[in-house]
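For reference, structure-v2.tsv (TSV, C-alpha atoms):
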```
chain	number	residue	atom	x	y	z
A	155	MET	CA	22.37	13.71	2.25
A	156	LYS	CA	21.37	10.94	4.65
A	157	VAL	CA	21.64	13.28	7.60
A	158	ASN	CA	19.55	15.90	5.82
A	159	LEU	CA	16.81	13.34	5.13
A	160	ILE	CA	16.55	12.39	8.79
A	161	GLU	CA	16.47	16.02	9.89
A	162	ALA	CA	14.09	17.03	7.13
A	163	LEU	CA	11.56	14.42	8.20
A	164	GLY	CA	12.15	15.31	11.85
A	165	ASP	CA	11.40	18.93	10.92
A	166	LEU	CA	8.36	17.83	8.89
A	167	ASN	CA	9.77	19.54	5.81
A	168	GLU	CA	7.78	17.63	3.21
A	169	ASP	CA	9.35	19.29	0.16
A	170	ALA	CA	12.88	18.64	1.38
A	171	VAL	CA	12.09	15.01	2.18
A	172	MET	CA	10.51	14.29	-1.21
A	173	LYS	CA	13.31	16.09	-3.07
A	174	GLY	CA	15.98	14.32	-1.01
A	175	VAL	CA	14.47	10.85	-1.48
A	176	LYS	CA	14.06	11.31	-5.26
A	177	GLU	CA	17.67	12.51	-5.57
A	178	ILE	CA	19.29	9.65	-3.71
A	179	PHE	CA	16.94	7.02	-5.19
A	180	ASP	CA	17.85	8.20	-8.69
A	181	ALA	CA	21.51	8.19	-7.67
A	182	GLY	CA	21.19	4.49	-6.89
A	183	VAL	CA	21.28	4.53	-3.11
A	184	PRO	CA	19.77	1.19	-1.97
A	185	SER	CA	16.10	1.36	-1.01
A	186	LEU	CA	16.70	-0.26	2.35
A	187	GLU	CA	19.17	2.48	3.20
A	188	ILE	CA	16.74	5.23	2.20
A	189	LEU	CA	14.04	3.57	4.25
A	190	ALA	CA	16.34	3.31	7.26
A	191	SER	CA	16.92	7.06	7.09
A	192	LEU	CA	13.21	7.73	6.84
A	193	GLN	CA	12.58	5.55	9.86
A	194	LYS	CA	15.26	7.41	11.80
A	195	GLY	CA	13.41	10.59	10.84
A	196	MET	CA	10.21	9.10	12.26
A	197	GLU	CA	12.08	8.30	15.47
A	198	LYS	CA	13.06	11.97	15.70
A	199	VAL	CA	9.42	12.89	15.32
A	200	GLY	CA	8.56	10.38	18.05
A	201	GLU	CA	11.11	11.95	20.40
A	202	ARG	CA	9.65	15.40	19.83
A	203	TYR	CA	6.18	14.01	20.44
A	204	GLU	CA	7.35	12.51	23.75
A	205	SER	CA	8.89	15.82	24.76
A	206	LYS	CA	5.61	17.57	23.85
A	207	GLU	CA	7.16	19.71	21.17
A	208	TYR	CA	4.99	17.87	18.66
A	209	PHE	CA	1.38	16.76	19.04
A	210	LEU	CA	-0.98	14.42	17.23
A	211	SER	CA	-1.18	16.74	14.23
A	212	GLU	CA	2.57	16.50	13.75
A	213	LEU	CA	2.40	12.71	13.98
A	214	ILE	CA	-0.23	12.72	11.26
A	215	MET	CA	1.93	14.95	9.07
A	216	SER	CA	4.97	12.77	9.60
A	217	ALA	CA	2.98	9.66	8.67
A	218	GLU	CA	1.81	11.30	5.46
A	219	ILE	CA	5.31	12.42	4.53
A	220	PHE	CA	6.71	8.98	5.34
A	221	LYS	CA	4.04	7.24	3.27
A	222	ASN	CA	4.59	9.50	0.25
A	223	ALA	CA	8.36	9.25	0.50
A	224	ALA	CA	8.31	5.48	1.04
A	225	ALA	CA	6.06	5.14	-2.01
A	226	ILE	CA	8.97	6.29	-4.19
A	227	VAL	CA	11.04	3.32	-3.02
A	228	GLY	CA	8.03	1.33	-1.90
A	229	SER	CA	7.40	-0.64	-5.06
A	230	VAL	CA	10.57	-2.48	-4.16
A	231	PHE	CA	8.80	-3.83	-1.09
A	232	THR	CA	5.27	-4.31	-2.25
A	233	GLU	CA	6.22	-6.04	-5.49
A	234	SER	CA	9.11	-7.94	-4.04
A	235	THR	CA	9.06	-11.62	-4.72
A	236	GLU	CA	11.43	-12.13	-1.84
A	237	LYS	CA	9.97	-14.25	0.90
A	238	LYS	CA	8.31	-12.11	3.54
A	239	LEU	CA	9.50	-12.38	7.12
A	240	GLY	CA	6.02	-13.21	8.27
A	241	THR	CA	2.40	-12.13	8.28
A	242	PHE	CA	1.00	-9.50	10.61
A	243	VAL	CA	-2.74	-8.98	10.98
A	244	ILE	CA	-3.65	-5.67	12.60
A	245	GLY	CA	-6.85	-3.80	13.36
A	246	THR	CA	-8.48	-1.35	15.73
A	247	VAL	CA	-10.94	-3.28	17.86
A	248	SER	CA	-14.70	-3.13	17.74
A	249	GLU	CA	-16.34	0.19	18.71
A	250	ASP	CA	-13.11	2.13	18.37
A	251	ILE	CA	-12.54	4.20	15.23
A	252	HIS	CA	-9.07	5.59	15.90
A	253	ASP	CA	-6.33	4.52	13.54
A	254	ILE	CA	-3.54	7.04	13.24
A	255	GLY	CA	-1.06	5.05	15.32
A	256	LYS	CA	-2.26	1.78	13.85
A	257	ASN	CA	-1.72	3.09	10.32
A	258	ILE	CA	1.83	4.13	11.15
A	259	VAL	CA	2.54	0.66	12.55
A	260	ALA	CA	1.02	-1.01	9.48
A	261	THR	CA	3.06	1.16	7.08
A	262	ILE	CA	6.34	0.65	8.90
A	263	MET	CA	5.79	-3.09	9.34
A	264	SER	CA	5.13	-3.47	5.60
A	265	CYS	CA	8.32	-1.55	4.85
A	266	ASN	CA	10.22	-3.97	7.04
A	267	GLY	CA	9.52	-7.19	5.23
A	268	PHE	CA	6.17	-8.20	6.70
A	269	ASN	CA	3.02	-9.08	4.84
A	270	VAL	CA	0.57	-6.76	6.60
A	271	VAL	CA	-3.17	-7.38	6.60
A	272	ASP	CA	-4.82	-4.22	7.88
A	273	LEU	CA	-8.42	-4.85	8.92
A	274	GLY	CA	-9.20	-1.19	9.49
A	275	VAL	CA	-11.19	0.16	12.41
A	276	ASP	CA	-14.18	-0.97	14.44
A	277	VAL	CA	-13.22	-4.55	13.63
A	278	PRO	CA	-15.66	-7.14	15.00
A	279	GLU	CA	-14.38	-10.36	16.57
A	280	GLU	CA	-15.54	-12.42	13.60
A	281	LYS	CA	-13.43	-10.36	11.19
A	282	PHE	CA	-10.28	-10.93	13.26
A	283	ILE	CA	-11.05	-14.65	13.30
A	284	GLU	CA	-11.66	-14.84	9.54
A	285	ALA	CA	-8.42	-12.98	8.89
A	286	ILE	CA	-6.42	-15.28	11.17
A	287	LYS	CA	-7.90	-18.34	9.43
A	288	GLU	CA	-7.21	-16.93	5.98
A	289	HIS	CA	-3.74	-15.45	6.49
A	290	ASN	CA	-2.30	-17.53	9.33
A	291	PRO	CA	-0.31	-14.66	10.86
A	292	GLN	CA	2.55	-15.17	13.27
A	293	VAL	CA	1.50	-12.00	15.08
A	294	VAL	CA	-1.88	-10.36	15.59
A	295	GLY	CA	-1.87	-6.67	16.52
A	296	MET	CA	-4.81	-4.99	18.21
A	297	SER	CA	-5.11	-1.28	18.67
A	298	CYS	CA	-7.41	0.96	20.66
A	299	LEU	CA	-7.47	4.51	21.93
A	300	LEU	CA	-10.64	4.33	24.01
A	301	THR	CA	-10.53	2.68	27.41
A	302	THR	CA	-14.09	1.62	26.66
A	303	ALA	CA	-12.69	-0.70	24.00
A	304	PHE	CA	-10.74	-2.79	26.51
A	305	ASP	CA	-13.65	-5.20	26.95
A	306	ASN	CA	-13.97	-5.62	23.19
A	307	MET	CA	-10.26	-6.34	23.02
A	308	LYS	CA	-10.66	-8.91	25.80
A	309	ASN	CA	-13.65	-10.54	24.13
A	310	THR	CA	-11.86	-10.66	20.78
A	311	ILE	CA	-8.99	-12.55	22.38
A	312	VAL	CA	-11.44	-14.89	24.12
A	313	ALA	CA	-13.08	-15.52	20.73
A	314	ILE	CA	-9.71	-16.22	19.10
A	315	GLU	CA	-8.92	-18.74	21.84
A	316	SER	CA	-12.34	-20.37	21.67
A	317	ALA	CA	-11.84	-20.81	17.93
A	318	GLY	CA	-8.60	-22.67	18.68
A	319	LEU	CA	-6.57	-20.02	16.89
A	320	ARG	CA	-4.31	-18.72	19.67
A	321	ASP	CA	-1.62	-21.38	19.60
A	322	GLY	CA	1.37	-20.71	17.41
A	323	ARG	CA	0.95	-16.96	17.31
A	324	LYS	CA	1.42	-13.93	19.54
A	325	ILE	CA	-1.09	-11.18	20.26
A	326	LEU	CA	0.38	-7.72	20.75
A	327	ILE	CA	-1.65	-4.68	21.67
A	328	GLY	CA	-1.02	-0.97	21.46
A	329	GLY	CA	-2.58	2.45	21.75
A	330	GLY	CA	-2.76	5.48	24.01
A	331	PRO	CA	-4.11	3.99	27.25
A	332	ILE	CA	-2.46	0.59	26.87
A	333	ASP	CA	-0.12	-0.53	29.61
A	334	GLN	CA	0.80	-3.73	31.43
A	335	SER	CA	-2.43	-3.78	33.46
A	336	VAL	CA	-4.40	-3.79	30.21
A	337	VAL	CA	-2.25	-6.59	28.80
A	338	GLU	CA	-3.16	-8.65	31.86
A	339	TYR	CA	-6.84	-7.68	31.75
A	340	VAL	CA	-7.30	-8.62	28.10
A	341	ASN	CA	-4.84	-11.54	28.27
A	342	ALA	CA	-2.62	-10.37	25.41
A	343	ASP	CA	1.03	-11.42	25.12
A	344	GLY	CA	2.45	-7.93	25.39
A	345	PHE	CA	2.21	-4.35	24.28
A	346	CYS	CA	4.41	-2.16	22.10
A	347	VAL	CA	4.91	1.54	22.66
A	348	ASN	CA	5.61	2.52	19.05
A	349	ALA	CA	5.97	1.25	15.49
A	350	GLN	CA	9.70	0.65	15.77
A	351	GLU	CA	9.25	-1.57	18.81
A	352	ALA	CA	6.52	-3.48	16.95
A	353	VAL	CA	8.98	-4.15	14.11
A	354	ASP	CA	11.78	-5.22	16.44
A	355	VAL	CA	9.54	-7.50	18.51
A	356	CYS	CA	7.81	-9.06	15.49
A	357	LYS	CA	11.17	-9.79	13.86
A	358	LYS	CA	12.27	-11.54	17.04
A	359	ILE	CA	9.00	-13.47	17.23
A	360	VAL	CA	9.21	-14.78	13.69
A	361	THR	CA	12.83	-15.77	14.03
A	362	GLY	CA	12.64	-16.83	17.65
A	363	TYR	CA	10.16	-19.64	17.39
A	364	PHE	CA	12.93	-22.15	17.28
A	365	SER	CA	14.84	-20.73	20.21
A	366	ASN	CA	14.08	-20.03	23.83
A	367	GLU	CA	15.00	-16.37	23.65
A	368	VAL	CA	12.86	-14.27	25.93
A	369	ILE	CA	11.84	-10.97	24.39
A	370	VAL	CA	11.58	-8.11	26.85
A	371	LEU	CA	9.37	-5.24	25.79
A	372	LYS	CA	9.82	-1.58	26.75
A	373	GLY	CA	6.71	-1.74	28.93
A	374	GLY	CA	8.29	-4.46	31.01
A	375	THR	CA	6.48	-7.51	29.66
A	376	SER	CA	8.41	-10.51	28.51
A	377	ILE	CA	7.22	-12.72	25.71
B	206	MET	CA	-13.82	15.05	56.03
B	207	GLU	CA	-16.08	12.18	55.10
B	208	ALA	CA	-15.56	11.93	51.40
B	209	ILE	CA	-14.10	13.63	48.37
B	210	ILE	CA	-16.38	13.52	45.35
B	211	LEU	CA	-14.69	13.47	41.96
B	212	GLY	CA	-16.62	14.83	38.99
B	213	PHE	CA	-14.47	12.69	36.74
B	214	GLY	CA	-14.64	9.50	34.85
B	215	TYR	CA	-11.65	7.21	34.42
B	216	CYS	CA	-10.72	9.57	31.55
B	217	GLY	CA	-8.15	7.47	29.73
B	218	ASN	CA	-6.15	6.40	32.81
B	219	SER	CA	-6.07	9.89	34.34
B	220	LEU	CA	-7.42	8.57	37.66
B	221	MET	CA	-4.91	5.73	37.86
B	222	GLY	CA	-2.85	6.00	41.02
B	223	ILE	CA	-5.07	8.65	42.62
B	224	VAL	CA	-5.24	8.16	46.37
B	225	SER	CA	-6.54	10.08	49.35
B	226	PRO	CA	-4.74	9.40	52.63
B	227	ARG	CA	-7.67	10.35	54.91
B	228	ALA	CA	-10.94	10.70	53.03
B	229	ARG	CA	-12.99	8.26	50.97
B	230	LEU	CA	-12.98	8.95	47.24
B	231	VAL	CA	-16.30	8.77	45.41
B	232	ILE	CA	-15.71	8.18	41.72
B	233	PRO	CA	-18.36	7.87	39.00
B	234	ARG	CA	-18.00	4.57	37.18
B	235	PRO	CA	-18.45	5.85	33.58
B	236	ASP	CA	-15.48	6.20	31.27
B	237	ASP	CA	-15.28	9.99	31.10
B	238	CYS	CA	-17.09	13.30	31.33
B	239	ILE	CA	-18.92	12.83	28.02
B	240	SER	CA	-20.81	9.95	29.59
B	241	LEU	CA	-21.30	11.95	32.78
B	242	LEU	CA	-22.88	14.86	30.91
B	243	LEU	CA	-25.01	12.58	28.75
B	244	GLY	CA	-26.27	10.82	31.86
B	245	SER	CA	-24.69	7.41	31.33
B	246	TYR	CA	-22.03	5.40	29.55
B	247	GLU	CA	-24.79	3.51	27.75
B	248	MET	CA	-26.10	6.76	26.23
B	249	ARG	CA	-22.64	7.69	24.97
B	250	LYS	CA	-22.18	4.25	23.51
B	251	SER	CA	-25.52	4.24	21.69
B	252	ILE	CA	-24.84	7.65	20.13
B	253	SER	CA	-21.35	6.61	19.02
B	254	ARG	CA	-22.67	3.35	17.56
B	255	GLU	CA	-24.80	5.32	15.07
B	256	ILE	CA	-21.80	7.13	13.63
B	257	GLY	CA	-18.34	8.22	14.81
B	258	THR	CA	-19.14	11.25	16.97
B	259	TYR	CA	-16.93	14.00	18.35
B	260	PHE	CA	-18.55	15.63	21.38
B	261	LEU	CA	-18.18	19.25	22.47
B	262	THR	CA	-19.44	21.55	25.19
B	263	LYS	CA	-18.96	25.28	25.64
B	264	GLY	CA	-16.62	24.59	28.55
B	265	TRP	CA	-14.41	22.23	26.58
B	266	LEU	CA	-14.25	24.74	23.74
B	267	GLU	CA	-13.22	27.59	25.98
B	268	TYR	CA	-11.10	26.08	28.67
B	269	GLU	CA	-9.44	22.98	27.29
B	270	SER	CA	-7.32	21.81	24.42
B	271	ASN	CA	-9.76	20.80	21.75
B	272	LEU	CA	-9.97	20.11	18.07
B	273	LEU	CA	-10.81	23.67	17.09
B	274	LYS	CA	-7.90	25.13	19.05
B	275	GLU	CA	-5.64	22.49	17.52
B	276	TYR	CA	-6.85	23.47	14.05
B	277	GLU	CA	-6.02	27.13	14.77
B	278	ARG	CA	-2.57	26.14	16.05
B	279	CYS	CA	-1.92	24.21	12.85
B	280	VAL	CA	-3.16	27.05	10.66
B	281	LYS	CA	-0.67	29.40	12.33
B	282	ARG	CA	2.18	26.91	12.09
B	283	TYR	CA	1.53	25.16	8.77
B	284	GLY	CA	-1.04	27.21	6.86
B	285	SER	CA	-4.74	26.58	6.38
B	286	GLU	CA	-4.41	24.06	3.55
B	287	LYS	CA	-2.15	21.70	5.53
B	288	ALA	CA	-4.16	22.31	8.71
B	289	LEU	CA	-7.38	21.23	7.03
B	290	ARG	CA	-5.66	18.18	5.55
B	291	ILE	CA	-4.51	17.17	9.03
B	292	MET	CA	-7.96	17.67	10.54
B	293	LYS	CA	-9.61	15.61	7.81
B	294	ILE	CA	-7.21	12.75	8.47
B	295	MET	CA	-7.71	13.07	12.22
B	296	LEU	CA	-11.46	12.88	11.83
B	297	GLU	CA	-11.51	10.47	8.92
B	298	ASN	CA	-13.64	7.95	10.76
B	299	TYR	CA	-15.88	10.52	12.40
B	300	GLY	CA	-19.12	11.52	10.72
B	301	ARG	CA	-20.57	13.95	13.25
B	302	LEU	CA	-19.74	16.84	15.56
B	303	MET	CA	-22.21	16.79	18.45
B	304	VAL	CA	-22.62	19.68	20.87
B	305	ILE	CA	-24.01	18.68	24.25
B	306	ASP	CA	-26.61	21.16	25.47
B	307	THR	CA	-26.12	21.01	29.21
B	308	GLY	CA	-28.54	23.86	29.89
B	309	ALA	CA	-25.71	25.71	31.65
B	310	TYR	CA	-25.09	28.05	28.71
B	311	GLN	CA	-26.68	29.55	25.62
B	312	LEU	CA	-25.97	27.50	22.51
B	313	GLU	CA	-26.26	30.61	20.31
B	314	ASP	CA	-23.13	32.04	21.96
B	315	PHE	CA	-20.86	29.63	20.17
B	316	ILE	CA	-22.75	27.24	17.92
B	317	GLY	CA	-21.91	29.26	14.80
B	318	ILE	CA	-18.26	28.38	15.34
B	319	THR	CA	-18.88	24.64	15.70
B	320	ARG	CA	-21.21	24.61	12.68
B	321	ASP	CA	-18.58	26.34	10.54
B	322	PHE	CA	-15.95	23.84	11.64
B	323	ALA	CA	-18.18	20.86	10.86
B	324	GLU	CA	-18.93	22.31	7.45
B	325	LYS	CA	-15.21	22.83	6.75
B	326	LEU	CA	-14.59	19.18	7.59
B	327	GLY	CA	-17.61	17.96	5.65
B	328	ILE	CA	-19.24	16.25	8.63
B	329	LYS	CA	-22.71	16.54	10.21
B	330	HIS	CA	-23.39	18.95	13.05
B	331	GLU	CA	-25.98	18.08	15.67
B	332	THR	CA	-26.89	18.93	19.24
B	333	VAL	CA	-28.05	16.62	22.01
B	334	ASN	CA	-29.58	17.38	25.38
B	335	GLY	CA	-27.34	16.59	28.29
B	336	SER	CA	-28.66	14.98	31.43
B	337	LEU	CA	-28.23	15.77	35.09
B	338	ARG	CA	-29.08	12.22	36.10
B	339	PHE	CA	-25.58	11.20	37.00
B	340	LEU	CA	-24.46	14.49	38.50
B	341	ASP	CA	-27.57	14.60	40.70
B	342	LYS	CA	-26.70	11.18	42.04
B	343	LEU	CA	-23.06	12.12	42.53
B	344	LEU	CA	-23.97	15.12	44.66
B	345	LEU	CA	-27.12	13.88	46.36
B	346	ARG	CA	-26.55	10.09	46.53
B	347	PRO	CA	-27.21	7.20	46.49
B	348	TRP	CA	-23.65	6.14	45.73
B	349	ASP	CA	-24.68	2.79	44.35
B	350	GLU	CA	-23.13	0.40	41.81
B	351	GLU	CA	-22.69	3.34	39.43
B	352	PHE	CA	-19.92	4.61	41.69
B	353	ILE	CA	-16.65	3.34	43.01
B	354	ILE	CA	-15.89	4.14	46.63
B	355	MET	CA	-12.21	4.07	47.48
B	356	GLU	CA	-11.38	3.79	51.15
B	357	PRO	CA	-8.64	6.13	52.50
B	358	GLY	CA	-5.18	5.05	51.43
B	359	ARG	CA	-6.35	2.84	48.54
B	360	GLU	CA	-4.99	3.72	45.10
B	361	VAL	CA	-7.25	3.67	42.05
B	362	THR	CA	-6.33	0.99	39.51
B	363	LEU	CA	-7.99	-0.42	36.41
B	364	GLU	CA	-9.03	-3.34	38.63
B	365	HIS	CA	-11.41	-1.04	40.51
B	366	MET	CA	-13.26	-0.10	37.36
B	367	ARG	CA	-14.22	-3.75	36.75
B	368	VAL	CA	-17.61	-5.13	37.51
B	369	SER	CA	-18.15	-8.85	37.76
B	370	VAL	CA	-21.14	-10.02	35.82
B	371	SER	CA	-22.44	-13.48	35.15
B	372	GLY	CA	-20.59	-14.67	32.10
B	373	HIS	CA	-22.15	-15.58	28.80
B	374	GLU	CA	-20.57	-18.51	27.12
B	375	GLY	CA	-17.37	-17.41	25.46
B	376	LYS	CA	-17.61	-13.85	26.80
B	377	ALA	CA	-15.52	-12.18	29.47
B	378	GLU	CA	-16.99	-12.32	32.94
B	379	GLN	CA	-15.96	-8.86	33.91
B	380	ILE	CA	-16.66	-5.56	32.25
B	381	ILE	CA	-15.38	-2.05	32.72
B	382	PHE	CA	-17.33	1.20	33.06
B	383	GLY	CA	-20.78	0.03	32.08
B	384	PHE	CA	-22.61	-2.84	33.63
B	385	ASN	CA	-25.25	-3.71	31.09
B	386	LEU	CA	-24.10	-6.45	28.77
```

Would you put the structure from the file into structure tokens?
Amino acid sequence: MKVNLIEALGDLNEDAVMKGVKEIFDAGVPSLEILASLQKGMEKVGERYESKEYFLSELIMSAEIFKNAAAIVGSVFTESTEKKLGTFVIGTVSEDIHDIGKNIVATIMSCNGFNVVDLGVDVPEEKFIEAIKEHNPQVVGMSCLLTTAFDNMKNTIVAIESAGLRDGRKILIGGGPIDQSVVEYVNADGFCVNAQEAVDVCKKIVTGYFSNEVIVLKGGTSI
Amino acid sequence: MEAIILGFGYCGNSLMGIVSPRARLVIPRPDDCISLLLGSYEMRKSISREIGTYFLTKGWLEYESNLLKEYERCVKRYGSEKALRIMKIMLENYGRLMVIDTGAYQLEDFIGITRDFAEKLGIKHETVNGSLRFLDKLLLRPWDEEFIIMEPGREVTLEHMRVSVSGHEGKAEQIIFGFNL
């Protein structure tokens, strides 16, 4: 059943995924286990995207299926009174309106124990600053697809520093054209290539504050 | 050969690593061909600031991957209902389809198709006149601060797209692509 769920999501078979999740949820399979299978399915989709079998449309479909399927088990996470691992503020920077990747990251982060504050798209500097003041996140995520948004990303980080809000948190960036040269240009702490890496890195950040562990990202940065 | 002129913008990192061993490369500074055809990066920015805008030309429709071709691919693979759902999500933050009239073709040849597509998606459809300003300069010079000149053997990096400007307090002192703060 678990194997079928992973393959069904990888194949973008929405009916099979929904049926499969309902069946095993009703049968008492732990929510975390169901979610792990769904995330493995998303990884399969990611692999097919990398190999150019799937394109943006397939990513969108997979995100929708994941969201709908996770909603069946999701109340466990959103209503949980368990202490969250940490707070993650994310948004697409000013003058960029693309959010498909960002939305996937936000969904998967919230399914992995983080309190996610999603600021949406075209987020001005002031809104990032207000959100950081209000929610005190351990990690701030910034997304863009347009290379023309690099300067806005840079200026947002300058504004965060000028407001004295950089210390004690990490700034991670992501999006199509993002690479190490952009990290250096905008002065972020690192970049993540996909939602799973964002989860892994953020978990290490929130638990690693009291250690000297160096986190190496897929793009080659170290935090 | 004195120089190779590229009718490209940075185009989402596509020029990164480009190098010519023997000739100079002349590269327009704007971000991509939308800005080139509109005449400047500033023009593209001001249009996009009004409302999220997806730009099209006849050439992009016919010769490149584009949204309409992607929609047709999805219809074939997933059916029209799912395909439309996907397109609406993809363009959720866009409010307008804008066809650039470059003067190099007849709008009537294809504008019915773009209008239909905009209507399907529930977004506005408009046209805008393109401008030869940049292309004239690219072909006829001067190759001024709106261009990047790469000497033979030098690889294009993001660094090269930066322009140093006098900083405002709290703002970055370098910008990319445009040079009006």

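The list of residues with at least one atom within 9 Å of A:Ser335, based on all atoms listed in the file and without residues fewer than 5 positions apart in the same chain, reads A:Val340, B:Thr362, B:Leu363, B:Glu364.
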
Contact set, chain B to chain A: 9 Å, only C-alpha atoms, as number ranges by chain: B: 215-218, 236, 250, 253-254, 257, 275-276, 279, 287-288, 290-292, 294-299, 362-364, 375-377, 379-383

Would you export the selected residues with C-alpha atoms as a PDB file, keeping the file's coordinate frame, please?
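As a result, again17.pdb now contains:
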```pdb
ATOM      1  CA  TYR B 215     -11.650   7.210  34.420  1.00  0.00           C
ATOM      2  CA  CYS B 216     -10.720   9.570  31.550  1.00  0.00           C
ATOM      3  CA  GLY B 217      -8.150   7.470  29.730  1.00  0.00           C
ATOM      4  CA  ASN B 218      -6.150   6.400  32.810  1.00  0.00           C
ATOM      5  CA  ASP B 236     -15.480   6.200  31.270  1.00  0.00           C
ATOM      6  CA  LYS B 250     -22.180   4.250  23.510  1.00  0.00           C
ATOM      7  CA  SER B 253     -21.350   6.610  19.020  1.00  0.00           C
ATOM      8  CA  ARG B 254     -22.670   3.350  17.560  1.00  0.00           C
ATOM      9  CA  GLY B 257     -18.340   8.220  14.810  1.00  0.00           C
ATOM     10  CA  GLU B 275      -5.640  22.490  17.520  1.00  0.00           C
ATOM     11  CA  TYR B 276      -6.850  23.470  14.050  1.00  0.00           C
ATOM     12  CA  CYS B 279      -1.920  24.210  12.850  1.00  0.00           C
ATOM     13  CA  LYS B 287      -2.150  21.700   5.530  1.00  0.00           C
ATOM     14  CA  ALA B 288      -4.160  22.310   8.710  1.00  0.00           C
ATOM     15  CA  ARG B 290      -5.660  18.180   5.550  1.00  0.00           C
ATOM     16  CA  ILE B 291      -4.510  17.170   9.030  1.00  0.00           C
ATOM     17  CA  MET B 292      -7.960  17.670  10.540  1.00  0.00           C
ATOM     18  CA  ILE B 294      -7.210  12.750   8.470  1.00  0.00           C
ATOM     19  CA  MET B 295      -7.710  13.070  12.220  1.00  0.00           C
ATOM     20  CA  LEU B 296     -11.460  12.880  11.830  1.00  0.00           C
ATOM     21  CA  GLU B 297     -11.510  10.470   8.920  1.00  0.00           C
ATOM     22  CA  ASN B 298     -13.640   7.950  10.760  1.00  0.00           C
ATOM     23  CA  TYR B 299     -15.880  10.520  12.400  1.00  0.00           C
ATOM     24  CA  THR B 362      -6.330   0.990  39.510  1.00  0.00           C
ATOM     25  CA  LEU B 363      -7.990  -0.420  36.410  1.00  0.00           C
ATOM     26  CA  GLU B 364      -9.030  -3.340  38.630  1.00  0.00           C
ATOM     27  CA  GLY B 375     -17.370 -17.410  25.460  1.00  0.00           C
ATOM     28  CA  LYS B 376     -17.610 -13.850  26.800  1.00  0.00           C
ATOM     29  CA  ALA B 377     -15.520 -12.180  29.470  1.00  0.00           C
ATOM     30  CA  GLN B 379     -15.960  -8.860  33.910  1.00  0.00           C
ATOM     31  CA  ILE B 380     -16.660  -5.560  32.250  1.00  0.00           C
ATOM     32  CA  ILE B 381     -15.380  -2.050  32.720  1.00  0.00           C
ATOM     33  CA  PHE B 382     -17.330   1.200  33.060  1.00  0.00           C
ATOM     34  CA  GLY B 383     -20.780   0.030  32.080  1.00  0.00           C
TER      35      GLY B 383
END
```

Selected residue, from A:Phe242, A:Asp272, A:Glu207, A:Ile327, that lies nearest to A:Gln292 when counting all atoms listed in the file: A:Phe242

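Non-sequential neighbours of B:Ile252 (distance at most 10 Å, separation of 5 or more positions within a chain, all atoms listed in the file) are Leu243, Glu247, Gly257, Thr258, Met303 and Val333 of chain B.
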
Proximity to A:Leu273 - best of A:Thr246, A:Asn290, A:Ser205, A:Thr241, all atoms listed in the file: A:Thr246
